[in-house]
Every structure is written in C-alpha cells, then in structure tokens.
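To be precise, the following lines are start17.pdb, and they hold PDB, C-alpha atoms, pLDDT in the B column.
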ATOM      1  CA  MET A   1     -17.428  -5.420 -14.776  1.00 42.00           C
ATOM      2  CA  LYS A   2     -14.767  -6.260 -12.199  1.00 51.00           C
ATOM      3  CA  ARG A   3     -12.579  -9.092 -13.427  1.00 53.00           C
ATOM      4  CA  PRO A   4     -12.850 -12.333 -11.449  1.00 57.00           C
ATOM      5  CA  PHE A   5     -10.150 -13.358  -9.043  1.00 65.00           C
ATOM      6  CA  THR A   6      -7.427 -15.551 -10.524  1.00 73.00           C
ATOM      7  CA  PRO A   7      -3.952 -16.135  -9.101  1.00 79.00           C
ATOM      8  CA  ARG A   8      -2.315 -14.912 -12.314  1.00 79.00           C
ATOM      9  CA  ASN A   9      -3.806 -11.430 -11.819  1.00 86.00           C
ATOM     10  CA  THR A  10      -2.411 -11.239  -8.286  1.00 94.00           C
ATOM     11  CA  LYS A  11       0.799  -9.631  -7.030  1.00 96.00           C
ATOM     12  CA  ALA A  12       0.066  -9.292  -3.295  1.00 98.00           C
ATOM     13  CA  VAL A  13      -1.830 -11.369  -0.752  1.00 98.00           C
ATOM     14  CA  PHE A  14      -2.972  -9.816   2.524  1.00 98.00           C
ATOM     15  CA  PHE A  15      -4.077 -11.758   5.586  1.00 98.00           C
ATOM     16  CA  ASP A  16      -6.124 -10.965   8.656  1.00 98.00           C
ATOM     17  CA  MET A  17      -4.655 -12.257  11.935  1.00 96.00           C
ATOM     18  CA  ASN A  18      -7.169 -13.626  14.471  1.00 94.00           C
ATOM     19  CA  ASN A  19      -9.114 -16.637  13.190  1.00 95.00           C
ATOM     20  CA  THR A  20      -7.148 -16.453   9.941  1.00 97.00           C
ATOM     21  CA  LEU A  21      -3.528 -17.076  10.926  1.00 97.00           C
ATOM     22  CA  ILE A  22      -3.962 -17.183  14.715  1.00 96.00           C
ATOM     23  CA  ASP A  23      -6.251 -19.418  16.772  1.00 96.00           C
ATOM     24  CA  PRO A  24      -7.433 -16.994  19.491  1.00 95.00           C
ATOM     25  CA  ALA A  25      -9.207 -19.679  21.529  1.00 95.00           C
ATOM     26  CA  ALA A  26      -6.143 -21.932  21.699  1.00 97.00           C
ATOM     27  CA  SER A  27      -3.957 -18.895  22.374  1.00 96.00           C
ATOM     28  CA  PHE A  28      -6.196 -17.877  25.292  1.00 97.00           C
ATOM     29  CA  ASP A  29      -6.096 -21.397  26.722  1.00 98.00           C
ATOM     30  CA  SER A  30      -2.308 -21.591  26.543  1.00 97.00           C
ATOM     31  CA  CYS A  31      -1.846 -18.177  28.126  1.00 98.00           C
ATOM     32  CA  PHE A  32      -4.435 -18.792  30.873  1.00 98.00           C
ATOM     33  CA  LEU A  33      -2.830 -22.098  31.864  1.00 97.00           C
ATOM     34  CA  ASN A  34       0.654 -20.614  31.972  1.00 96.00           C
ATOM     35  CA  VAL A  35      -0.408 -17.654  34.113  1.00 96.00           C
ATOM     36  CA  LEU A  36      -2.439 -19.919  36.389  1.00 95.00           C
ATOM     37  CA  VAL A  37       0.509 -22.231  37.032  1.00 92.00           C
ATOM     38  CA  ASP A  38       2.700 -19.195  37.684  1.00 91.00           C
ATOM     39  CA  PHE A  39       0.215 -17.800  40.219  1.00 89.00           C
ATOM     40  CA  ALA A  40      -0.198 -21.225  41.818  1.00 85.00           C
ATOM     41  CA  GLY A  41       3.548 -21.339  42.384  1.00 78.00           C
ATOM     42  CA  ARG A  42       3.140 -18.446  44.804  1.00 67.00           C
ATOM     43  CA  TRP A  43       1.345 -20.690  47.275  1.00 60.00           C
ATOM     44  CA  ASP A  44       1.961 -24.277  48.295  1.00 55.00           C
ATOM     45  CA  ASP A  45      -0.639 -26.387  50.026  1.00 53.00           C
ATOM     46  CA  GLY A  46       1.843 -29.234  50.288  1.00 49.00           C
ATOM     47  CA  GLU A  47      -0.328 -31.630  48.297  1.00 54.00           C
ATOM     48  CA  GLY A  48      -0.003 -30.391  44.711  1.00 55.00           C
ATOM     49  CA  GLN A  49      -3.722 -30.684  44.037  1.00 75.00           C
ATOM     50  CA  LEU A  50      -4.063 -27.907  41.458  1.00 84.00           C
ATOM     51  CA  GLU A  51      -5.715 -29.097  38.241  1.00 91.00           C
ATOM     52  CA  PRO A  52      -5.031 -26.291  35.729  1.00 93.00           C
ATOM     53  CA  ARG A  53      -7.041 -27.782  32.853  1.00 95.00           C
ATOM     54  CA  ARG A  54     -10.072 -28.247  35.084  1.00 95.00           C
ATOM     55  CA  VAL A  55      -9.787 -24.643  36.291  1.00 96.00           C
ATOM     56  CA  LEU A  56      -9.634 -23.430  32.686  1.00 97.00           C
ATOM     57  CA  GLU A  57     -12.662 -25.465  31.609  1.00 97.00           C
ATOM     58  CA  THR A  58     -14.679 -24.220  34.588  1.00 97.00           C
ATOM     59  CA  TYR A  59     -13.753 -20.623  33.765  1.00 97.00           C
ATOM     60  CA  LYS A  60     -14.810 -21.070  30.132  1.00 96.00           C
ATOM     61  CA  THR A  61     -18.064 -22.761  31.108  1.00 95.00           C
ATOM     62  CA  GLU A  62     -18.948 -19.921  33.456  1.00 93.00           C
ATOM     63  CA  TRP A  63     -17.945 -17.362  30.832  1.00 93.00           C
ATOM     64  CA  SER A  64     -20.151 -18.962  28.161  1.00 91.00           C
ATOM     65  CA  LYS A  65     -23.160 -18.640  30.456  1.00 87.00           C
ATOM     66  CA  THR A  66     -22.780 -14.857  30.490  1.00 81.00           C
ATOM     67  CA  ALA A  67     -21.551 -14.175  26.938  1.00 73.00           C
ATOM     68  CA  SER A  68     -24.910 -12.940  25.654  1.00 67.00           C
ATOM     69  CA  ARG A  69     -25.247 -10.472  28.535  1.00 69.00           C
ATOM     70  CA  LEU A  70     -21.779  -9.074  27.900  1.00 68.00           C
ATOM     71  CA  ARG A  71     -22.682  -8.040  24.379  1.00 65.00           C
ATOM     72  CA  ALA A  72     -25.475  -5.933  25.791  1.00 57.00           C
ATOM     73  CA  LYS A  73     -23.498  -4.582  28.755  1.00 66.00           C
ATOM     74  CA  PRO A  74     -19.774  -4.217  27.938  1.00 62.00           C
ATOM     75  CA  ALA A  75     -19.169  -2.393  31.226  1.00 65.00           C
ATOM     76  CA  ALA A  76     -19.914  -5.616  33.090  1.00 76.00           C
ATOM     77  CA  ILE A  77     -16.974  -7.510  31.594  1.00 83.00           C
ATOM     78  CA  GLU A  78     -14.600  -7.007  34.527  1.00 83.00           C
ATOM     79  CA  ALA A  79     -17.238  -8.061  37.041  1.00 86.00           C
ATOM     80  CA  VAL A  80     -17.993 -11.193  35.041  1.00 89.00           C
ATOM     81  CA  LYS A  81     -14.296 -12.048  34.774  1.00 90.00           C
ATOM     82  CA  LYS A  82     -14.117 -11.941  38.542  1.00 91.00           C
ATOM     83  CA  GLN A  83     -17.215 -14.137  38.926  1.00 92.00           C
ATOM     84  CA  CYS A  84     -15.830 -16.700  36.491  1.00 95.00           C
ATOM     85  CA  LEU A  85     -12.425 -16.763  38.149  1.00 95.00           C
ATOM     86  CA  GLU A  86     -14.029 -17.108  41.584  1.00 95.00           C
ATOM     87  CA  ALA A  87     -16.037 -20.104  40.364  1.00 95.00           C
ATOM     88  CA  ALA A  88     -13.015 -21.704  38.718  1.00 95.00           C
ATOM     89  CA  LEU A  89     -10.800 -21.292  41.784  1.00 94.00           C
ATOM     90  CA  ARG A  90     -13.334 -21.936  44.526  1.00 92.00           C
ATOM     91  CA  HIS A  91     -11.556 -25.144  45.619  1.00 88.00           C
ATOM     92  CA  TYR A  92      -8.157 -23.469  45.932  1.00 87.00           C
ATOM     93  CA  PRO A  93      -6.700 -21.072  48.506  1.00 84.00           C
ATOM     94  CA  PHE A  94      -6.790 -17.974  46.317  1.00 86.00           C
ATOM     95  CA  LEU A  95      -8.386 -14.756  47.519  1.00 88.00           C
ATOM     96  CA  VAL A  96     -10.081 -13.747  44.268  1.00 90.00           C
ATOM     97  CA  ASN A  97     -10.599 -10.067  44.963  1.00 91.00           C
ATOM     98  CA  ASP A  98     -10.419  -7.108  42.570  1.00 90.00           C
ATOM     99  CA  ALA A  99      -6.645  -6.836  42.964  1.00 92.00           C
ATOM    100  CA  PHE A 100      -6.137 -10.538  42.201  1.00 93.00           C
ATOM    101  CA  VAL A 101      -8.332 -10.380  39.089  1.00 92.00           C
ATOM    102  CA  ALA A 102      -6.599  -7.245  37.830  1.00 92.00           C
ATOM    103  CA  SER A 103      -3.178  -8.805  38.397  1.00 95.00           C
ATOM    104  CA  PHE A 104      -4.140 -12.116  36.770  1.00 96.00           C
ATOM    105  CA  PHE A 105      -5.474 -10.596  33.567  1.00 95.00           C
ATOM    106  CA  ARG A 106      -2.732  -7.989  33.419  1.00 95.00           C
ATOM    107  CA  GLU A 107      -0.237 -10.835  33.390  1.00 96.00           C
ATOM    108  CA  MET A 108      -2.239 -12.533  30.650  1.00 96.00           C
ATOM    109  CA  ARG A 109      -2.064  -9.386  28.534  1.00 93.00           C
ATOM    110  CA  ASN A 110       1.687  -9.243  29.111  1.00 92.00           C
ATOM    111  CA  GLN A 111       2.148 -12.854  28.031  1.00 93.00           C
ATOM    112  CA  VAL A 112      -0.438 -13.193  25.263  1.00 91.00           C
ATOM    113  CA  ARG A 113       2.048 -12.672  22.417  1.00 91.00           C
ATOM    114  CA  GLU A 114       4.245 -15.476  23.731  1.00 93.00           C
ATOM    115  CA  HIS A 115       1.329 -17.881  23.622  1.00 96.00           C
ATOM    116  CA  ALA A 116       0.010 -17.127  20.130  1.00 96.00           C
ATOM    117  CA  VAL A 117      -1.059 -20.417  18.545  1.00 96.00           C
ATOM    118  CA  PRO A 118      -1.082 -20.573  14.739  1.00 97.00           C
ATOM    119  CA  LEU A 119      -3.926 -22.219  12.903  1.00 97.00           C
ATOM    120  CA  PRO A 120      -3.080 -25.390  10.947  1.00 95.00           C
ATOM    121  CA  HIS A 121      -0.901 -24.861   7.862  1.00 96.00           C
ATOM    122  CA  ALA A 122      -0.353 -21.150   8.614  1.00 97.00           C
ATOM    123  CA  HIS A 123       3.440 -21.207   8.340  1.00 96.00           C
ATOM    124  CA  GLU A 124       3.682 -23.476   5.310  1.00 96.00           C
ATOM    125  CA  THR A 125       0.991 -21.535   3.435  1.00 96.00           C
ATOM    126  CA  ILE A 126       2.694 -18.185   4.014  1.00 97.00           C
ATOM    127  CA  ALA A 127       6.078 -19.661   3.099  1.00 97.00           C
ATOM    128  CA  LYS A 128       4.814 -21.138  -0.169  1.00 96.00           C
ATOM    129  CA  LEU A 129       2.838 -18.065  -1.232  1.00 97.00           C
ATOM    130  CA  SER A 130       5.761 -15.755  -0.469  1.00 97.00           C
ATOM    131  CA  ALA A 131       7.714 -17.357  -3.306  1.00 95.00           C
ATOM    132  CA  PHE A 132       5.227 -15.896  -5.793  1.00 95.00           C
ATOM    133  CA  TYR A 133       3.466 -12.972  -4.075  1.00 97.00           C
ATOM    134  CA  LYS A 134       4.165 -10.103  -1.720  1.00 98.00           C
ATOM    135  CA  ILE A 135       2.675 -11.021   1.664  1.00 98.00           C
ATOM    136  CA  GLY A 136       1.117  -8.487   4.029  1.00 98.00           C
ATOM    137  CA  ILE A 137      -1.135  -8.218   7.072  1.00 98.00           C
ATOM    138  CA  ILE A 138      -4.207  -5.973   7.385  1.00 97.00           C
ATOM    139  CA  THR A 139      -5.689  -6.026  10.867  1.00 95.00           C
ATOM    140  CA  ASN A 140      -7.644  -3.974  13.352  1.00 93.00           C
ATOM    141  CA  GLY A 141      -5.429  -3.542  16.386  1.00 82.00           C
ATOM    142  CA  SER A 142      -1.950  -2.636  17.522  1.00 87.00           C
ATOM    143  CA  LYS A 143       0.851  -2.840  14.960  1.00 90.00           C
ATOM    144  CA  GLU A 144       3.431  -3.366  17.715  1.00 91.00           C
ATOM    145  CA  HIS A 145       1.463  -6.336  19.024  1.00 90.00           C
ATOM    146  CA  GLN A 146       1.123  -7.894  15.573  1.00 93.00           C
ATOM    147  CA  GLU A 147       4.833  -7.405  14.845  1.00 94.00           C
ATOM    148  CA  LYS A 148       5.705  -9.413  17.953  1.00 93.00           C
ATOM    149  CA  VAL A 149       3.174 -12.127  17.131  1.00 95.00           C
ATOM    150  CA  ILE A 150       4.557 -12.436  13.598  1.00 96.00           C
ATOM    151  CA  GLY A 151       8.024 -12.776  15.135  1.00 94.00           C
ATOM    152  CA  LYS A 152       6.820 -15.397  17.619  1.00 93.00           C
ATOM    153  CA  LEU A 153       5.414 -17.449  14.728  1.00 94.00           C
ATOM    154  CA  ASN A 154       8.706 -17.206  12.805  1.00 95.00           C
ATOM    155  CA  LEU A 155       7.027 -15.392   9.922  1.00 97.00           C
ATOM    156  CA  SER A 156       9.144 -12.222   9.971  1.00 96.00           C
ATOM    157  CA  SER A 157      11.174 -13.313   6.949  1.00 96.00           C
ATOM    158  CA  TYR A 158       7.957 -13.470   4.913  1.00 97.00           C
ATOM    159  CA  VAL A 159       6.065 -10.546   6.466  1.00 97.00           C
ATOM    160  CA  THR A 160       8.378  -7.619   7.147  1.00 95.00           C
ATOM    161  CA  VAL A 161       7.433  -4.793   9.502  1.00 95.00           C
ATOM    162  CA  ASP A 162       6.616  -2.427   6.645  1.00 96.00           C
ATOM    163  CA  ARG A 163       4.035  -4.914   5.371  1.00 97.00           C
ATOM    164  CA  ILE A 164       1.963  -4.986   8.554  1.00 96.00           C
ATOM    165  CA  PHE A 165      -0.946  -2.552   8.274  1.00 95.00           C
ATOM    166  CA  ALA A 166      -2.866  -2.060  11.510  1.00 92.00           C
ATOM    167  CA  SER A 167      -5.597   0.396  12.389  1.00 86.00           C
ATOM    168  CA  SER A 168      -3.968   3.062  14.524  1.00 70.00           C
ATOM    169  CA  LYS A 169      -5.827   4.637  17.418  1.00 62.00           C
ATOM    170  CA  GLY A 170      -8.389   7.015  15.975  1.00 61.00           C
ATOM    171  CA  GLY A 171      -7.544   5.946  12.411  1.00 73.00           C
ATOM    172  CA  VAL A 172      -9.513   4.003   9.838  1.00 88.00           C
ATOM    173  CA  ARG A 173     -10.416   0.416  10.634  1.00 92.00           C
ATOM    174  CA  LYS A 174     -11.642  -2.478   8.573  1.00 96.00           C
ATOM    175  CA  PRO A 175     -14.021  -2.571   6.761  1.00 95.00           C
ATOM    176  CA  HIS A 176     -13.267   1.015   5.668  1.00 95.00           C
ATOM    177  CA  PRO A 177     -11.869   0.822   2.098  1.00 96.00           C
ATOM    178  CA  ALA A 178      -9.057   3.275   2.924  1.00 96.00           C
ATOM    179  CA  ILE A 179      -7.075   0.825   5.062  1.00 96.00           C
ATOM    180  CA  PHE A 180      -7.026  -1.655   2.156  1.00 97.00           C
ATOM    181  CA  GLN A 181      -6.188   1.007  -0.421  1.00 97.00           C
ATOM    182  CA  ASN A 182      -3.373   2.383   1.737  1.00 96.00           C
ATOM    183  CA  ALA A 183      -1.934  -1.105   2.172  1.00 97.00           C
ATOM    184  CA  ALA A 184      -1.975  -1.842  -1.563  1.00 98.00           C
ATOM    185  CA  ARG A 185      -0.360   1.512  -2.331  1.00 97.00           C
ATOM    186  CA  ALA A 186       2.373   0.913   0.248  1.00 97.00           C
ATOM    187  CA  MET A 187       3.088  -2.492  -1.305  1.00 97.00           C
ATOM    188  CA  GLY A 188       3.443  -0.931  -4.748  1.00 98.00           C
ATOM    189  CA  VAL A 189       0.485  -2.718  -6.328  1.00 98.00           C
ATOM    190  CA  ARG A 190      -2.914  -1.683  -7.639  1.00 97.00           C
ATOM    191  CA  SER A 191      -5.894  -2.715  -5.531  1.00 96.00           C
ATOM    192  CA  SER A 192      -7.045  -4.982  -8.361  1.00 94.00           C
ATOM    193  CA  GLU A 193      -3.726  -6.839  -8.090  1.00 96.00           C
ATOM    194  CA  ALA A 194      -4.220  -7.669  -4.404  1.00 97.00           C
ATOM    195  CA  VAL A 195      -6.249 -10.290  -2.562  1.00 97.00           C
ATOM    196  CA  MET A 196      -7.470 -10.109   1.044  1.00 98.00           C
ATOM    197  CA  VAL A 197      -7.832 -13.378   2.967  1.00 98.00           C
ATOM    198  CA  GLY A 198      -9.877 -13.305   6.159  1.00 97.00           C
ATOM    199  CA  ASP A 199     -12.588 -14.935   8.229  1.00 97.00           C
ATOM    200  CA  SER A 200     -14.882 -11.916   8.592  1.00 96.00           C
ATOM    201  CA  TRP A 201     -17.274 -11.430   5.692  1.00 96.00           C
ATOM    202  CA  LYS A 202     -17.974  -7.858   6.733  1.00 95.00           C
ATOM    203  CA  ASN A 203     -14.512  -6.681   7.762  1.00 96.00           C
ATOM    204  CA  ASP A 204     -12.300  -8.633   5.397  1.00 97.00           C
ATOM    205  CA  VAL A 205     -14.328  -9.568   2.327  1.00 97.00           C
ATOM    206  CA  THR A 206     -16.768  -6.676   1.969  1.00 95.00           C
ATOM    207  CA  GLY A 207     -14.155  -4.127   2.991  1.00 95.00           C
ATOM    208  CA  ALA A 208     -11.634  -5.442   0.476  1.00 96.00           C
ATOM    209  CA  LEU A 209     -14.139  -5.588  -2.377  1.00 96.00           C
ATOM    210  CA  LYS A 210     -15.219  -1.999  -1.771  1.00 95.00           C
ATOM    211  CA  SER A 211     -11.581  -0.926  -2.004  1.00 96.00           C
ATOM    212  CA  GLY A 212     -11.133  -2.600  -5.377  1.00 94.00           C
ATOM    213  CA  MET A 213      -9.289  -5.644  -4.052  1.00 95.00           C
ATOM    214  CA  ASN A 214     -10.291  -9.234  -4.584  1.00 94.00           C
ATOM    215  CA  ALA A 215     -11.002 -11.423  -1.567  1.00 96.00           C
ATOM    216  CA  VAL A 216     -11.024 -15.000  -0.346  1.00 96.00           C
ATOM    217  CA  TRP A 217     -13.355 -15.868   2.515  1.00 96.00           C
ATOM    218  CA  LEU A 218     -11.924 -18.246   5.111  1.00 96.00           C
ATOM    219  CA  ASN A 219     -15.056 -19.928   6.443  1.00 93.00           C
ATOM    220  CA  ARG A 220     -14.070 -22.490   9.055  1.00 88.00           C
ATOM    221  CA  SER A 221     -17.656 -23.435   9.868  1.00 82.00           C
ATOM    222  CA  SER A 222     -17.556 -26.053   7.121  1.00 69.00           C
ATOM    223  CA  ASP A 223     -14.994 -28.817   6.651  1.00 63.00           C
ATOM    224  CA  LYS A 224     -16.096 -29.309   3.081  1.00 61.00           C
ATOM    225  CA  LYS A 225     -15.136 -27.372  -0.015  1.00 63.00           C
ATOM    226  CA  SER A 226     -17.650 -24.573  -0.483  1.00 71.00           C
ATOM    227  CA  SER A 227     -18.934 -23.010  -3.666  1.00 78.00           C
ATOM    228  CA  PRO A 228     -17.882 -19.423  -4.378  1.00 83.00           C
ATOM    229  CA  ARG A 229     -20.234 -16.733  -3.112  1.00 87.00           C
ATOM    230  CA  LYS A 230     -21.507 -14.148  -5.541  1.00 82.00           C
ATOM    231  CA  VAL A 231     -21.223 -10.456  -4.782  1.00 84.00           C
ATOM    232  CA  GLY A 232     -22.808  -8.674  -7.696  1.00 81.00           C
ATOM    233  CA  LYS A 233     -21.047 -10.104 -10.757  1.00 79.00           C
ATOM    234  CA  LEU A 234     -18.000 -11.200  -8.793  1.00 83.00           C
ATOM    235  CA  GLU A 235     -17.443 -14.652  -7.349  1.00 86.00           C
ATOM    236  CA  VAL A 236     -15.627 -14.770  -4.017  1.00 92.00           C
ATOM    237  CA  PRO A 237     -13.750 -18.051  -3.433  1.00 93.00           C
ATOM    238  CA  VAL A 238     -14.562 -19.765  -0.132  1.00 93.00           C
ATOM    239  CA  VAL A 239     -12.087 -22.031   1.665  1.00 93.00           C
ATOM    240  CA  SER A 240     -12.412 -23.850   4.981  1.00 93.00           C
ATOM    241  CA  GLY A 241      -8.729 -23.764   5.860  1.00 94.00           C
ATOM    242  CA  LEU A 242      -5.315 -22.496   4.861  1.00 95.00           C
ATOM    243  CA  LYS A 243      -4.394 -25.745   3.133  1.00 92.00           C
ATOM    244  CA  GLN A 244      -7.269 -25.153   0.708  1.00 91.00           C
ATOM    245  CA  LEU A 245      -6.012 -21.619   0.202  1.00 92.00           C
ATOM    246  CA  GLY A 246      -2.667 -22.972  -0.964  1.00 88.00           C
ATOM    247  CA  GLU A 247      -4.489 -25.257  -3.381  1.00 89.00           C
ATOM    248  CA  LEU A 248      -6.523 -22.310  -4.683  1.00 91.00           C
ATOM    249  CA  PHE A 249      -3.305 -20.482  -5.525  1.00 89.00           C
ATOM    250  CA  GLY A 250      -1.726 -23.620  -6.927  1.00 80.00           C
ATOM    251  CA  THR A 251       1.132 -23.739  -4.407  1.00 72.00           C
TER     252      THR A 251
END

If you took the structure in this file and wrote it as structure tokens, what would it be?
Amino acid sequence: MKRPFTPRNTKAVFFDMNNTLIDPAASFDSCFLNVLVDFAGRWDDGEGQLEPRRVLETYKTEWSKTASRLRAKPAAIEAVKKQCLEAALRHYPFLVNDAFVASFFREMRNQVREHAVPLPHAHETIAKLSAFYKIGIITNGSKEHQEKVIGKLNLSSYVTVDRIFASSKGGVRKPHPAIFQNAARAMGVRSSEAVMVGDSWKNDVTGALKSGMNAVWLNRSSDKKSSPRKVGKLEVPVVSGLKQLGELFGT
C-alpha cells in the first residue's frame, strides 16, 4: 500500500505553471491591452477615442462564441482570430487584414512573458515552502519560456534553472510518468519523497501518482475546502488556492 501524503515524508514540491502559479486569462488580458495600445499609437485620429478595455471584451466575447468549433477544427484558429479582431476593432481605423493579424499576435507572443500575472499567494507560498522543501517546476512547454516567466515573477531565488523540468520538443510530456521520475531523480529525491501540485487531474495528479509521487490537486472551481479524493487506497488532498496549500504544509 502506498503511504499517504504527509508533509513530513516530503523533501521536494513540484508545481505546474499555468492555472497553478500563473493566471493565463489575466496574463492574456494584460498582454492584449499593452499590444493594442502600442498599435493604436501608430495612428492618431486626433480625438483619442480608443477604448482598449472595450476592445478586449469584444474580442473575448466573439472568441467565446467560436470556442467549441475550434476544438473540432484547430486549423481554423487563425481565421477565427482575424474575425474576432475585426469585430473588436470595427469602430477604429485599422485595416485588419492577414498581415495585421499576424503582426498583432506575433507581438503578443513576444511580450507574453513580460505580462505574466501570478495567481494570488503564488510568491509567498513558494517563498515559505522553499524554507523546508526543494522547489521545482514540471510543465509541458518551453523551458526557456518558463525560465523567463519565473524571473519575471521574482521566483528565481527559489526555483533555479536546473529545477525547471519542461517537456522538450519530441520528448515525454505530462502525464507520462517519466517526466516526473526524471525530475525527482534530478532533484536527488525518491519519487515517494516528492509532491506534485497542479490544476490538471489528468496531467498533474494522475501522472504524478503513476510515477510514484504524491500529489495535491489545485481545484479552483470551488472556494470552499474540499474533501480529499480517493485514488485506490490513496487520498489526494484538494485545495482551492495556494493559501490553502501553505496551510496544508503547515507554513
């Protein structure tokens, strides 16, 4: 029987990034608004009538109308981006053609790291836990990107470059057990001495458990304290936010 998770059995705590430490929706909003204002500065109608927040909300409303179709037809994403941007900017003197759309979203990709917005209590939780545990990141995506985001959030002193484990192109990705096992090995701990914290039940929790790690599920859909979820004979703690995570570890 796998022993239940307790802080005293733990030597390393790993975190996912998006929706665990980073708020991707708020990050998108911040980046979109900044790029929009930058693009608007390239024209001047003399009246200063641009309403960036209204443009953003219109874009998001149009996007939400097509979200279900995008899951079925990924190739249509670029076309839908253009449609949404056209709708959002229809009252302004922008020529929203293919070149404009490509340039707009290219600039967003270039700036996205600078607009990463942490979720509440992210910094203080990492800082407190780092006094007792080794802290690492396990994420699907670019390691270079995550390194820069960690730096932007002033977390580099707690999460060093060698403790960021990202799925390389063509390599294993969460929820494959190997990415968790490799991370634990690199941190000098046994899998049973590590805990994975993440918002995805499949990628973070199930993947970690299959590797021999323990896991904590960050379920933001509830503001209330949730009961642990059973996986076989193991109970997986459930928290609704990072403040609760600190309480779980007694920090």

Using only C-alpha atoms, which residue out of A:Ala194, A:Pro7, A:Asp16, A:Leu36 lies closest to Leu218 (chain A)?
A:Asp16

So which residues touch Met108 (chain A) within 12 Å, counting only C-alpha atoms, skipping near sequence neighbours fewer than 4 positions away, as number ranges by chain?
A: 27-39, 101-104, 112-116

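Non-sequential neighbours of Leu50 (chain A) (distance at most 12 Å, separation of 6 or more positions within a chain, all atoms listed in the file) are A:Leu33, A:Leu36, A:Val37, A:Asp38, A:Phe39, A:Ala40, A:Gly41, A:Trp43, A:Asp44, A:Leu56, A:Ala88, A:Leu89, A:Arg90, A:His91, A:Tyr92, A:Pro93, A:Phe94.
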
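Taking CA of His123 (chain A) as the reference point, CA of Thr160 (chain A) is found at 14.5 Å.
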
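The smallest atom-to-atom distance between Ser200 (chain A) and any of A:Val13, A:Ala131, A:Asn19, A:Phe249, using all atoms listed in the file, is found for A:Asn19.
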
Would you compute the box with edges along x, y and z of the file around region 119-137 of chain A, including every atom the file lists for it and 5 Å extra on each side, and give its centre and edge lengths in Å to one decimal, as JSON?
{"center_x": 1.9, "center_y": -16.8, "center_z": 3.6, "size_x": 21.6, "size_y": 27.2, "size_z": 28.7}

Dig up all the protein and nucleic acid residues within 8 Å of (-2.9, -4.0, -9.4) in the file frame, using all atoms listed in the file, and format them as a ChimeraX atom specification.
/A:9-11,189-194

Compile the contact shell of Ala12 (chain A) as an MDAnalysis selection string: residues with an atom at most 8 Å away, counting all atoms listed in the file, same-chain residues fewer than 3 positions apart removed.
chainID A and resid 133:136 184 187 189 193:195

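With CA of Thr6 (chain A) on one side and CA of Leu209 (chain A) on the other, the separation reads 14.5 Å.
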
Can you list, as an mmCIF file with C-alpha atoms, in the frame of the given file, the residues that the PyMOL selection byres ((chain A and resi 142) around 9) selects here?
data_model
loop_
_atom_site.group_PDB
_atom_site.id
_atom_site.type_symbol
_atom_site.label_atom_id
_atom_site.label_comp_id
_atom_site.auth_asym_id
_atom_site.auth_seq_id
_atom_site.Cartn_x
_atom_site.Cartn_y
_atom_site.Cartn_z
ATOM 1 C CA THR A 139 -5.689 -6.026 10.867
ATOM 2 C CA ASN A 140 -7.644 -3.974 13.352
ATOM 3 C CA GLY A 141 -5.429 -3.542 16.386
ATOM 4 C CA LYS A 143 0.851 -2.840 14.960
ATOM 5 C CA GLU A 144 3.431 -3.366 17.715
ATOM 6 C CA HIS A 145 1.463 -6.336 19.024
ATOM 7 C CA GLN A 146 1.123 -7.894 15.573
ATOM 8 C CA GLU A 147 4.833 -7.405 14.845
ATOM 9 C CA ALA A 166 -2.866 -2.060 11.510
ATOM 10 C CA SER A 167 -5.597 0.396 12.389
ATOM 11 C CA SER A 168 -3.968 3.062 14.524
ATOM 12 C CA LYS A 169 -5.827 4.637 17.418
#

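Counting all atoms listed in the file, the residue from A:Asp199, A:Asp162, A:Glu51, A:Asp98 that sits nearest to Asn18 (chain A) is A:Asp199.
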
What would the list of residues within 6 Å of (6.6, -15.2, 1.2) (file frame) look like as JSON, numbers by chain, if only C-alpha atoms are what count?
{"A": [126, 127, 129, 130, 131, 135, 158]}

Choose the residue, out of A:Val172, A:Val205, A:Leu153, A:Met213, that has the smallest atom-to-atom separation from Arg185 (chain A); count all atoms listed in the file.
A:Met213

Apply the PyMOL selection byres ((chain A and resi 216) around 9) to the structure shown and report the selected residues as a ChimeraX atom specification.
/A:5,195-199,204-205,214-215,217-218,236-239,245

Enter the distance from CA of Pro52 (chain A) to CA of Ser221 (chain A), in Å, rounded to one decimal.
28.9 Å

Using the chain letters and numbers from this file, what does the PyMOL selection byres ((chain A and resi 211) around 7) select? Give the answer as number ranges by chain.
A: 177-178, 180-181, 191, 207-210, 212-213

Which of these, A:Gln111, A:Thr206, A:Gln244, A:Thr125, has the shortest distance to Lys174 (chain A) once you count all atoms listed in the file?
A:Thr206

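With only C-alpha atoms as the atoms that count, the minimum distance from Gln83 (chain A) to the choices A:Phe100, A:Gly188, A:Arg54, A:Tyr59 is reached by A:Tyr59.
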